[in-house]
>>> print(open('input_36.pdb').read())   # PDB, C-alpha atoms (C1' of nucleotides)
ATOM      1  CA  MET R 649     -10.352 -12.603   0.028  1.00  0.00           C
ATOM      2  CA  SER R 650      -8.419 -10.263  -2.208  1.00  0.00           C
ATOM      3  CA  LEU R 651      -5.988 -11.639  -4.755  1.00  0.00           C
ATOM      4  CA  LEU R 652      -3.586  -9.074  -3.335  1.00  0.00           C
ATOM      5  CA  ASN R 653      -3.682 -10.504   0.164  1.00  0.00           C
ATOM      6  CA  MET R 654      -0.492 -12.498  -0.149  1.00  0.00           C
ATOM      7  CA  PRO R 655       1.531  -9.649  -1.686  1.00  0.00           C
ATOM      8  CA  PHE R 656       0.322  -7.248   1.006  1.00  0.00           C
ATOM      9  CA  LYS R 657       1.251  -9.714   3.755  1.00  0.00           C
ATOM     10  CA  ALA R 658       4.591 -10.390   2.078  1.00  0.00           C
ATOM     11  CA  LEU R 659       5.424  -6.684   2.010  1.00  0.00           C
ATOM     12  CA  SER R 660       4.499  -6.128   5.649  1.00  0.00           C
ATOM     13  CA  ASP R 661       7.853  -7.459   6.819  1.00  0.00           C
ATOM     14  CA  PRO R 662      10.890  -5.117   6.704  1.00  0.00           C
ATOM     15  CA  THR R 663      13.327  -7.937   5.893  1.00  0.00           C
ATOM     16  CA  ARG R 664      11.270  -8.847   2.850  1.00  0.00           C
ATOM     17  CA  ARG R 665      10.994  -5.229   1.724  1.00  0.00           C
ATOM     18  CA  LYS R 666      14.765  -4.914   1.998  1.00  0.00           C
ATOM     19  CA  ILE R 667      15.153  -8.039  -0.153  1.00  0.00           C
ATOM     20  CA  ILE R 668      12.855  -6.446  -2.751  1.00  0.00           C
ATOM     21  CA  GLN R 669      14.990  -3.292  -2.729  1.00  0.00           C
ATOM     22  CA  MET R 670      18.141  -5.361  -3.221  1.00  0.00           C
ATOM     23  CA  LEU R 671      16.621  -7.310  -6.125  1.00  0.00           C
ATOM     24  CA  LYS R 672      15.646  -4.033  -7.757  1.00  0.00           C
ATOM     25  CA  GLU R 673      19.378  -3.337  -8.167  1.00  0.00           C
ATOM     26  CA  ARG R 674      20.341  -6.770  -9.492  1.00  0.00           C
ATOM     27  CA  ASP R 675      19.372 -10.441  -9.470  1.00  0.00           C
ATOM     28  CA  MET R 676      21.009 -12.268  -6.571  1.00  0.00           C
ATOM     29  CA  THR R 677      21.474 -15.781  -5.253  1.00  0.00           C
ATOM     30  CA  ALA R 678      19.896 -16.882  -1.987  1.00  0.00           C
ATOM     31  CA  GLY R 679      23.352 -16.940  -0.413  1.00  0.00           C
ATOM     32  CA  GLU R 680      24.218 -13.411  -1.552  1.00  0.00           C
ATOM     33  CA  ILE R 681      20.927 -12.186  -0.157  1.00  0.00           C
ATOM     34  CA  ALA R 682      21.458 -13.965   3.169  1.00  0.00           C
ATOM     35  CA  GLU R 683      24.930 -12.385   3.533  1.00  0.00           C
ATOM     36  CA  GLN R 684      23.329  -8.962   3.820  1.00  0.00           C
ATOM     37  CA  PHE R 685      21.321  -9.887   6.894  1.00  0.00           C
ATOM     38  CA  ASP R 686      22.141 -10.717  10.473  1.00  0.00           C
ATOM     39  CA  MET R 687      19.954 -13.777  10.294  1.00  0.00           C
ATOM     40  CA  THR R 688      20.363 -17.471   9.450  1.00  0.00           C
ATOM     41  CA  LYS R 689      20.038 -18.824   5.916  1.00  0.00           C
ATOM     42  CA  PRO R 690      16.920 -20.857   6.709  1.00  0.00           C
ATOM     43  CA  SER R 691      15.220 -17.670   7.907  1.00  0.00           C
ATOM     44  CA  ILE R 692      16.066 -15.887   4.682  1.00  0.00           C
ATOM     45  CA  SER R 693      14.964 -18.930   2.717  1.00  0.00           C
ATOM     46  CA  HIS R 694      11.617 -18.725   4.500  1.00  0.00           C
ATOM     47  CA  HIS R 695      11.256 -15.037   3.593  1.00  0.00           C
ATOM     48  CA  LEU R 696      12.164 -15.785  -0.028  1.00  0.00           C
ATOM     49  CA  ASN R 697       9.536 -18.487  -0.085  1.00  0.00           C
ATOM     50  CA  ILE R 698       6.866 -16.047   1.091  1.00  0.00           C
ATOM     51  CA  LEU R 699       7.903 -13.529  -1.582  1.00  0.00           C
ATOM     52  CA  LYS R 700       7.756 -16.319  -4.153  1.00  0.00           C
ATOM     53  CA  HIS R 701       4.269 -17.455  -3.146  1.00  0.00           C
ATOM     54  CA  ALA R 702       3.133 -13.839  -3.343  1.00  0.00           C
ATOM     55  CA  GLU R 703       4.537 -13.796  -6.888  1.00  0.00           C
ATOM     56  CA  LEU R 704       6.714 -10.801  -6.089  1.00  0.00           C
ATOM     57  CA  VAL R 705       9.879 -12.670  -7.031  1.00  0.00           C
ATOM     58  CA  ILE R 706      10.869 -15.479  -9.382  1.00  0.00           C
ATOM     59  CA  ASP R 707      13.511 -18.090  -8.634  1.00  0.00           C
ATOM     60  CA  GLU R 708      15.673 -19.907 -11.144  1.00  0.00           C
ATOM     61  CA  ARG R 709      18.305 -22.500 -10.436  1.00  0.00           C
ATOM     62  CA  LYS R 710      21.653 -22.090 -12.202  1.00  0.00           C
ATOM     63  CA  GLY R 711      23.902 -24.933 -11.149  1.00  0.00           C
ATOM     64  CA  GLN R 712      24.347 -24.942  -7.407  1.00  0.00           C
ATOM     65  CA  ASN R 713      22.863 -21.485  -7.044  1.00  0.00           C
ATOM     66  CA  ILE R 714      19.287 -20.316  -7.048  1.00  0.00           C
ATOM     67  CA  TYR R 715      18.916 -16.826  -8.447  1.00  0.00           C
ATOM     68  CA  TYR R 716      16.107 -14.579  -7.326  1.00  0.00           C
ATOM     69  CA  SER R 717      14.710 -11.699  -9.372  1.00  0.00           C
ATOM     70  CA  LEU R 718      11.746  -9.341  -9.214  1.00  0.00           C
ATOM     71  CA  ASN R 719       8.449 -10.172 -10.884  1.00  0.00           C
ATOM     72  CA  THR R 720       7.076  -6.705 -11.594  1.00  0.00           C
ATOM     73  CA  THR R 721       3.562  -7.679 -12.723  1.00  0.00           C
ATOM     74  CA  VAL R 722       2.151  -7.981  -9.212  1.00  0.00           C
ATOM     75  CA  PHE R 723       3.812  -4.691  -8.255  1.00  0.00           C
ATOM     76  CA  GLN R 724       1.829  -3.090 -11.051  1.00  0.00           C
ATOM     77  CA  GLU R 725      -1.396  -4.503  -9.592  1.00  0.00           C
ATOM     78  CA  LEU R 726      -0.466  -3.102  -6.199  1.00  0.00           C
ATOM     79  CA  ILE R 727       0.146   0.309  -7.719  1.00  0.00           C
ATOM     80  CA  ASN R 728      -3.310   0.097  -9.306  1.00  0.00           C
ATOM     81  CA  TRP R 729      -4.829  -0.684  -5.911  1.00  0.00           C
ATOM     82  CA  PHE R 730      -3.247   2.470  -4.487  1.00  0.00           C
ATOM     83  CA  PHE R 731      -4.280   4.584  -7.463  1.00  0.00           C
ATOM     84  CA  ASN R 732      -7.825   3.418  -7.005  1.00  0.00           C
ATOM     85  CA  ILE R 733      -7.690   4.611  -3.375  1.00  0.00           C
ATOM     86  CA  THR R 734      -6.206   8.022  -4.080  1.00  0.00           C
ATOM     87  CA  ASP R 735      -8.463   8.788  -7.057  1.00  0.00           C
ATOM     88  CA  LYS R 736     -11.343  10.793  -5.659  1.00  0.00           C
ATOM     89  CA  ARG R 737     -14.123   9.107  -7.600  1.00  0.00           C
ATOM     90  CA  GLY R 738     -14.916   5.610  -6.562  1.00  0.00           C
ATOM     91  CA  GLY R 739     -15.003   2.290  -8.301  1.00  0.00           C
ATOM     92  CA  SER R 740     -13.673   2.940 -11.816  1.00  0.00           C
ATOM     93  CA  LYS R 741     -11.604   0.058 -13.115  1.00  0.00           C
ATOM     94  CA  SER R 742     -10.816   1.106 -16.696  1.00  0.00           C
ATOM     95  CA  GLU R 743      -8.999   4.127 -18.006  1.00  0.00           C
ATOM     96  CA  GLU R 744     -11.869   5.046 -20.388  1.00  0.00           C
ATOM     97  CA  ASP R 745     -14.237   5.126 -17.454  1.00  0.00           C
ATOM     98  CA  ARG R 746     -12.322   8.086 -16.076  1.00  0.00           C
ATOM     99  CA  ILE R 747     -13.983  10.663 -18.451  1.00  0.00           C
TER
ATOM    100  CA  MET D1391      13.410   0.881  10.233  1.00  0.00           C
ATOM    101  CA  SER D1392      11.474   2.394   7.391  1.00  0.00           C
ATOM    102  CA  LEU D1393       9.040   5.220   8.018  1.00  0.00           C
ATOM    103  CA  LEU D1394       6.645   3.181   5.940  1.00  0.00           C
ATOM    104  CA  ASN D1395       6.747   0.193   8.248  1.00  0.00           C
ATOM    105  CA  MET D1396       3.560   1.036  10.099  1.00  0.00           C
ATOM    106  CA  PRO D1397       1.534   1.743   6.939  1.00  0.00           C
ATOM    107  CA  PHE D1398       2.746  -1.502   5.351  1.00  0.00           C
ATOM    108  CA  LYS D1399       1.822  -3.468   8.458  1.00  0.00           C
ATOM    109  CA  ALA D1400      -1.515  -1.691   8.675  1.00  0.00           C
ATOM    110  CA  LEU D1401      -2.370  -2.631   5.088  1.00  0.00           C
ATOM    111  CA  SER D1402      -1.419  -6.286   5.540  1.00  0.00           C
ATOM    112  CA  ASP D1403      -4.782  -7.074   7.132  1.00  0.00           C
ATOM    113  CA  PRO D1404      -7.829  -7.597   4.852  1.00  0.00           C
ATOM    114  CA  THR D1405     -10.259  -6.064   7.348  1.00  0.00           C
ATOM    115  CA  ARG D1406      -8.203  -2.885   7.404  1.00  0.00           C
ATOM    116  CA  ARG D1407      -7.921  -2.774   3.614  1.00  0.00           C
ATOM    117  CA  LYS D1408     -11.692  -3.126   3.385  1.00  0.00           C
ATOM    118  CA  ILE D1409     -12.088  -0.214   5.819  1.00  0.00           C
ATOM    119  CA  ILE D1410      -9.802   1.854   3.579  1.00  0.00           C
ATOM    120  CA  GLN D1411     -11.935   0.980   0.540  1.00  0.00           C
ATOM    121  CA  MET D1412     -15.088   2.012   2.407  1.00  0.00           C
ATOM    122  CA  LEU D1413     -13.588   5.330   3.497  1.00  0.00           C
ATOM    123  CA  LYS D1414     -12.615   6.009  -0.091  1.00  0.00           C
ATOM    124  CA  GLU D1415     -16.360   6.219  -0.887  1.00  0.00           C
ATOM    125  CA  ARG D1416     -17.310   8.426   2.068  1.00  0.00           C
ATOM    126  CA  ASP D1417     -16.357   9.388   5.605  1.00  0.00           C
ATOM    127  CA  MET D1418     -17.973   7.084   8.151  1.00  0.00           C
ATOM    128  CA  THR D1419     -18.440   6.757  11.883  1.00  0.00           C
ATOM    129  CA  ALA D1420     -16.848   3.918  13.842  1.00  0.00           C
ATOM    130  CA  GLY D1421     -20.310   2.399  14.298  1.00  0.00           C
ATOM    131  CA  GLU D1422     -21.175   2.530  10.594  1.00  0.00           C
ATOM    132  CA  ILE D1423     -17.877   0.872   9.781  1.00  0.00           C
ATOM    133  CA  ALA D1424     -18.397  -1.841  12.400  1.00  0.00           C
ATOM    134  CA  GLU D1425     -21.863  -2.631  10.972  1.00  0.00           C
ATOM    135  CA  GLN D1426     -20.258  -3.821   7.749  1.00  0.00           C
ATOM    136  CA  PHE D1427     -18.243  -6.532   9.476  1.00  0.00           C
ATOM    137  CA  ASP D1428     -19.052  -9.747  11.251  1.00  0.00           C
ATOM    138  CA  MET D1429     -16.841  -8.756  14.132  1.00  0.00           C
ATOM    139  CA  THR D1430     -17.262  -6.950  17.476  1.00  0.00           C
ATOM    140  CA  LYS D1431     -16.959  -3.194  17.799  1.00  0.00           C
ATOM    141  CA  PRO D1432     -13.839  -3.392  19.962  1.00  0.00           C
ATOM    142  CA  SER D1433     -12.136  -5.376  17.188  1.00  0.00           C
ATOM    143  CA  ILE D1434     -12.994  -2.743  14.630  1.00  0.00           C
ATOM    144  CA  SER D1435     -11.917  -0.034  17.051  1.00  0.00           C
ATOM    145  CA  HIS D1436      -8.563  -1.788  17.346  1.00  0.00           C
ATOM    146  CA  HIS D1437      -8.182  -1.913  13.554  1.00  0.00           C
ATOM    147  CA  LEU D1438      -9.107   1.765  13.294  1.00  0.00           C
ATOM    148  CA  ASN D1439      -6.473   2.545  15.898  1.00  0.00           C
ATOM    149  CA  ILE D1440      -3.807   0.772  13.844  1.00  0.00           C
ATOM    150  CA  LEU D1441      -4.850   2.667  10.708  1.00  0.00           C
ATOM    151  CA  LYS D1442      -4.711   5.894  12.710  1.00  0.00           C
ATOM    152  CA  HIS D1443      -1.220   5.235  14.082  1.00  0.00           C
ATOM    153  CA  ALA D1444      -0.085   4.452  10.530  1.00  0.00           C
ATOM    154  CA  GLU D1445      -1.510   7.854   9.545  1.00  0.00           C
ATOM    155  CA  LEU D1446      -3.676   6.270   6.873  1.00  0.00           C
ATOM    156  CA  VAL D1447      -6.842   7.675   8.431  1.00  0.00           C
ATOM    157  CA  ILE D1448      -7.856  10.682  10.489  1.00  0.00           C
ATOM    158  CA  ASP D1449     -10.500  10.660  13.215  1.00  0.00           C
ATOM    159  CA  GLU D1450     -12.674  13.546  14.273  1.00  0.00           C
ATOM    160  CA  ARG D1451     -15.311  13.539  16.960  1.00  0.00           C
ATOM    161  CA  LYS D1452     -18.685  15.114  16.110  1.00  0.00           C
ATOM    162  CA  GLY D1453     -20.951  14.831  19.104  1.00  0.00           C
ATOM    163  CA  GLN D1454     -21.379  11.223  20.102  1.00  0.00           C
ATOM    164  CA  ASN D1455     -19.862   9.972  16.889  1.00  0.00           C
ATOM    165  CA  ILE D1456     -16.283   9.689  15.766  1.00  0.00           C
ATOM    166  CA  TYR D1457     -15.896  10.118  12.035  1.00  0.00           C
ATOM    167  CA  TYR D1458     -13.079   8.455  10.178  1.00  0.00           C
ATOM    168  CA  SER D1459     -11.688   9.648   6.859  1.00  0.00           C
ATOM    169  CA  LEU D1460      -8.721   8.862   4.624  1.00  0.00           C
ATOM    170  CA  ASN D1461      -5.430  10.710   4.975  1.00  0.00           C
ATOM    171  CA  THR D1462      -4.057  10.465   1.444  1.00  0.00           C
ATOM    172  CA  THR D1463      -0.547  11.822   2.085  1.00  0.00           C
ATOM    173  CA  VAL D1464       0.881   8.520   3.305  1.00  0.00           C
ATOM    174  CA  PHE D1465      -0.772   6.708   0.411  1.00  0.00           C
ATOM    175  CA  GLN D1466       1.192   8.979  -1.886  1.00  0.00           C
ATOM    176  CA  GLU D1467       4.417   7.953  -0.158  1.00  0.00           C
ATOM    177  CA  LEU D1468       3.509   4.306  -0.584  1.00  0.00           C
ATOM    178  CA  ILE D1469       2.880   4.859  -4.286  1.00  0.00           C
ATOM    179  CA  ASN D1470       6.333   6.447  -4.513  1.00  0.00           C
ATOM    180  CA  TRP D1471       7.857   3.393  -2.847  1.00  0.00           C
ATOM    181  CA  PHE D1472       6.286   1.160  -5.489  1.00  0.00           C
ATOM    182  CA  PHE D1473       7.292   3.459  -8.342  1.00  0.00           C
ATOM    183  CA  ASN D1474      10.835   3.329  -7.114  1.00  0.00           C
ATOM    184  CA  ILE D1475      10.712  -0.472  -7.260  1.00  0.00           C
ATOM    185  CA  THR D1476       9.196  -0.733 -10.736  1.00  0.00           C
ATOM    186  CA  ASP D1477      11.417   1.924 -12.285  1.00  0.00           C
ATOM    187  CA  LYS D1478      14.320   0.062 -13.821  1.00  0.00           C
ATOM    188  CA  ARG D1479      17.055   2.446 -12.714  1.00  0.00           C
ATOM    189  CA  GLY D1480      17.780   2.460  -9.064  1.00  0.00           C
ATOM    190  CA  GLY D1481      17.795   5.110  -6.403  1.00  0.00           C
ATOM    191  CA  SER D1482      16.432   8.226  -8.112  1.00  0.00           C
ATOM    192  CA  LYS D1483      14.329  10.331  -5.783  1.00  0.00           C
ATOM    193  CA  SER D1484      13.458  13.388  -7.866  1.00  0.00           C
ATOM    194  CA  GLU D1485      11.571  13.727 -11.132  1.00  0.00           C
ATOM    195  CA  GLU D1486      14.408  15.732 -12.753  1.00  0.00           C
ATOM    196  CA  ASP D1487      16.786  12.909 -11.999  1.00  0.00           C
ATOM    197  CA  ARG D1488      14.815  10.683 -14.347  1.00  0.00           C
ATOM    198  CA  ILE D1489      16.391  12.169 -17.585  1.00  0.00           C
TER
ATOM    199  C1'  DT W 156      30.605 -41.977  -6.796  1.00  0.00           C
ATOM    200  C1'  DA W 157      32.184 -39.579  -2.517  1.00  0.00           C
ATOM    201  C1'  DG W 158      32.638 -35.192  -0.710  1.00  0.00           C
ATOM    202  C1'  DA W 159      31.800 -30.272  -0.633  1.00  0.00           C
ATOM    203  C1'  DG W 160      28.983 -26.220  -1.321  1.00  0.00           C
ATOM    204  C1'  DA W 161      24.355 -23.996  -1.783  1.00  0.00           C
ATOM    205  C1'  DT W 162      19.899 -24.070  -0.517  1.00  0.00           C
ATOM    206  C1'  DT W 163      15.629 -25.787   1.354  1.00  0.00           C
ATOM    207  C1'  DT W 164      12.625 -28.485   4.543  1.00  0.00           C
ATOM    208  C1'  DA W 165      11.152 -29.948   9.141  1.00  0.00           C
ATOM    209  C1'  DG W 166      10.176 -29.294  13.734  1.00  0.00           C
ATOM    210  C1'  DA W 167      10.362 -26.540  17.859  1.00  0.00           C
ATOM    211  C1'  DT W 168       9.948 -22.184  20.226  1.00  0.00           C
ATOM    212  C1'  DA W 169       9.284 -17.224  20.872  1.00  0.00           C
ATOM    213  C1'  DA W 170       7.138 -13.058  19.484  1.00  0.00           C
ATOM    214  C1'  DT W 171       3.491 -10.594  17.427  1.00  0.00           C
ATOM    215  C1'  DT W 172      -1.162  -9.921  16.111  1.00  0.00           C
ATOM    216  C1'  DG W 173      -6.238 -10.432  16.058  1.00  0.00           C
ATOM    217  C1'  DT W 174     -10.238 -11.433  18.612  1.00  0.00           C
ATOM    218  C1'  DT W 175     -13.335 -11.567  22.504  1.00  0.00           C
ATOM    219  C1'  DT W 176     -15.908 -10.020  26.857  1.00  0.00           C
ATOM    220  C1'  DA W 177     -16.266  -6.713  30.407  1.00  0.00           C
ATOM    221  C1'  DA W 178     -15.550  -2.221  31.983  1.00  0.00           C
ATOM    222  C1'  DA W 179     -14.556   2.692  31.261  1.00  0.00           C
ATOM    223  C1'  DT W 180     -15.149   7.232  28.973  1.00  0.00           C
ATOM    224  C1'  DA W 181     -17.496  10.795  26.442  1.00  0.00           C
ATOM    225  C1'  DT W 182     -21.587  13.068  24.770  1.00  0.00           C
ATOM    226  C1'  DC W 183     -26.377  13.974  24.229  1.00  0.00           C
ATOM    227  C1'  DT W 184     -31.079  14.622  25.965  1.00  0.00           C
ATOM    228  C1'  DA W 185     -35.174  14.203  28.939  1.00  0.00           C
TER
ATOM    229  C1'  DT X1431     -28.123  15.016  36.592  1.00  0.00           C
ATOM    230  C1'  DA X1432     -29.642  10.168  35.286  1.00  0.00           C
ATOM    231  C1'  DG X1433     -29.937   7.287  31.587  1.00  0.00           C
ATOM    232  C1'  DA X1434     -29.068   6.127  26.801  1.00  0.00           C
ATOM    233  C1'  DT X1435     -25.957   5.823  22.859  1.00  0.00           C
ATOM    234  C1'  DA X1436     -21.312   5.686  20.686  1.00  0.00           C
ATOM    235  C1'  DT X1437     -16.889   4.446  21.146  1.00  0.00           C
ATOM    236  C1'  DT X1438     -12.594   3.098  23.328  1.00  0.00           C
ATOM    237  C1'  DT X1439      -9.589   0.736  26.783  1.00  0.00           C
ATOM    238  C1'  DA X1440      -8.119  -3.303  29.400  1.00  0.00           C
ATOM    239  C1'  DA X1441      -7.126  -7.967  30.063  1.00  0.00           C
ATOM    240  C1'  DA X1442      -7.170 -12.624  28.524  1.00  0.00           C
ATOM    241  C1'  DC X1443      -6.805 -15.982  24.948  1.00  0.00           C
ATOM    242  C1'  DA X1444      -6.106 -17.920  20.300  1.00  0.00           C
ATOM    243  C1'  DA X1445      -3.983 -17.750  15.960  1.00  0.00           C
ATOM    244  C1'  DT X1446      -0.332 -16.438  13.030  1.00  0.00           C
ATOM    245  C1'  DT X1447       4.342 -15.388  12.018  1.00  0.00           C
ATOM    246  C1'  DA X1448       9.412 -15.172  12.573  1.00  0.00           C
ATOM    247  C1'  DT X1449      13.298 -17.347  14.087  1.00  0.00           C
ATOM    248  C1'  DC X1450      16.451 -21.004  15.282  1.00  0.00           C
ATOM    249  C1'  DT X1451      18.935 -25.718  14.987  1.00  0.00           C
ATOM    250  C1'  DA X1452      19.289 -30.006  12.705  1.00  0.00           C
ATOM    251  C1'  DA X1453      18.603 -32.717   8.805  1.00  0.00           C
ATOM    252  C1'  DA X1454      17.572 -33.328   3.894  1.00  0.00           C
ATOM    253  C1'  DT X1455      18.102 -32.310  -1.106  1.00  0.00           C
ATOM    254  C1'  DC X1456      20.389 -30.907  -5.208  1.00  0.00           C
ATOM    255  C1'  DT X1457      24.454 -30.042  -8.022  1.00  0.00           C
ATOM    256  C1'  DC X1458      29.192 -29.868  -9.149  1.00  0.00           C
ATOM    257  C1'  DT X1459      33.800 -31.871  -9.401  1.00  0.00           C
ATOM    258  C1'  DA X1460      37.816 -34.680  -8.088  1.00  0.00           C
TER
END
>>> encode(input="input_36.pdb", output="C-alpha cells")
Amino acid sequence: MSLLNMPFKALSDPTRRKIIQMLKERDMTAGEIAEQFDMTKPSISHHLNILKHAELVIDERKGQNIYYSLNTTVFQELINWFFNITDKRGGSKSEEDRI
Amino acid sequence: MSLLNMPFKALSDPTRRKIIQMLKERDMTAGEIAEQFDMTKPSISHHLNILKHAELVIDERKGQNIYYSLNTTVFQELINWFFNITDKRGGSKSEEDRI
DNA sequence: TAGAGATTTAGATAATTGTTTAAATATCTA
DNA sequence: TAGATATTTAAACAATTATCTAAATCTCTA
C-alpha cells in the first residue's frame, strides 16, 4: 500500500480540506479551528488527529492550547504524485531522467 | 462544497489510484484493467464509474470493448489546489498576482 | 491544591463506501 | 437471429468513517 494512502484519505473529507486551507493562512489552536465549524469539538479533534497521522499537520502544545500548523513536506510528495501522472512519459522518478 | 470534492474522494481509494497509474501508461479496456486486480469485474466497473463521475477518466466504446483513458484537466486543477496550499502567501489565483 | 478552561479519548450510533452474486444490456459473428 | 463475449446495473451485505455525548487528561491560576 502506498505511503501516500493516509494523506489521500485525509484529504478526501471536505472538513479536513477546509482545516488545511485555514492553517495555510495562520497557525491555529484546536479551539479556534472548531469555532469555524458547525460541529462539536470532539469531531474536530478527530479530524485533526487524522490530519496528524497523515503527517499533513503538526501539533504543539503551548500552555493550555494546542497549536496546529501545516507540515508541507507531505504536500510536496503529493504534488510529485500528480506531476508523475500528468507527465506524458511514464515512470521517471528523477529530474535528470527527464532528458 | 468544493468542485474538487468528487476527484478528492475518487483518489482516496488505492484501487482507483492504481487504475489511474495504469491509464497513465496506456489506454485500457475495462476487462484489461480488471485482470490486474484480485477483485470481481463489477467491483472494478464501480471504481471506474466513480473515476468517470469525478471526471478523472473518459470512457469510449469501441465495439464490444469500452476503453478508458485519463482526462488530465481535472488533475491540473488538483495540482493548482496543492500549489495554493504550499505557496506561503494566501489566496492568489493568477500567476501575475505572484509578484 | 481545587477549580476552570482547553483539548482529547472512549463508546455508541448513523451514514457512507466497497464488495459480492445474479441479472441485464450491448455488440459481434457464425 | 442465436449464442458468445464484454461490460454494466441492481440488490444485498460487510466494512469503514463521521458524528455525537459523556468522561478523562492536561495546564494554568487563585
>>> atom_distance(input="input_36.pdb", atom1="atom CA of Asp1403 of chain D", atom2="atom CA of Phe685 of chain R")
26.3 Å
>>> resolve_selection(input="input_36.pdb", expression="the PyMOL selection byres ((chain R) within 9 of (chain D))", output="PyMOL selection string")
chain R and resi 649-650+653-662+668-669+672-673+720+723-724+726-727+730-739
>>> interface_residues(input="input_36.pdb", of="chain X", to="chain R", cutoff="10 Å", atoms="all atoms listed in the file", output="PyMOL selection string")
chain X and resi 1448-1451+1456-1458
>>> closest_residue(input="input_36.pdb", among="W:DA157, W:DA177, W:DA185, W:DA167", to="DG1433 of chain X", atoms="only C-alpha atoms (C1' of nucleotides)")
W:DA185
>>> residues_around(input="input_36.pdb", residues="DA1460 of chain X", least_positions_apart="3", cutoff="12 Å", atoms="all atoms listed in the file", output="list in words")
DT156, DA157, DG158 and DA159 of chain W
>>> atom_distance(input="input_36.pdb", atom1="atom CA of Glu1450 of chain D", atom2="atom C1' of DT184 of chain W")
21.8 Å
>>> interface_residues(input="input_36.pdb", of="chain W", to="chain R", cutoff="8 Å", atoms="all atoms listed in the file", output="ChimeraX atom specification")
/W:160-163
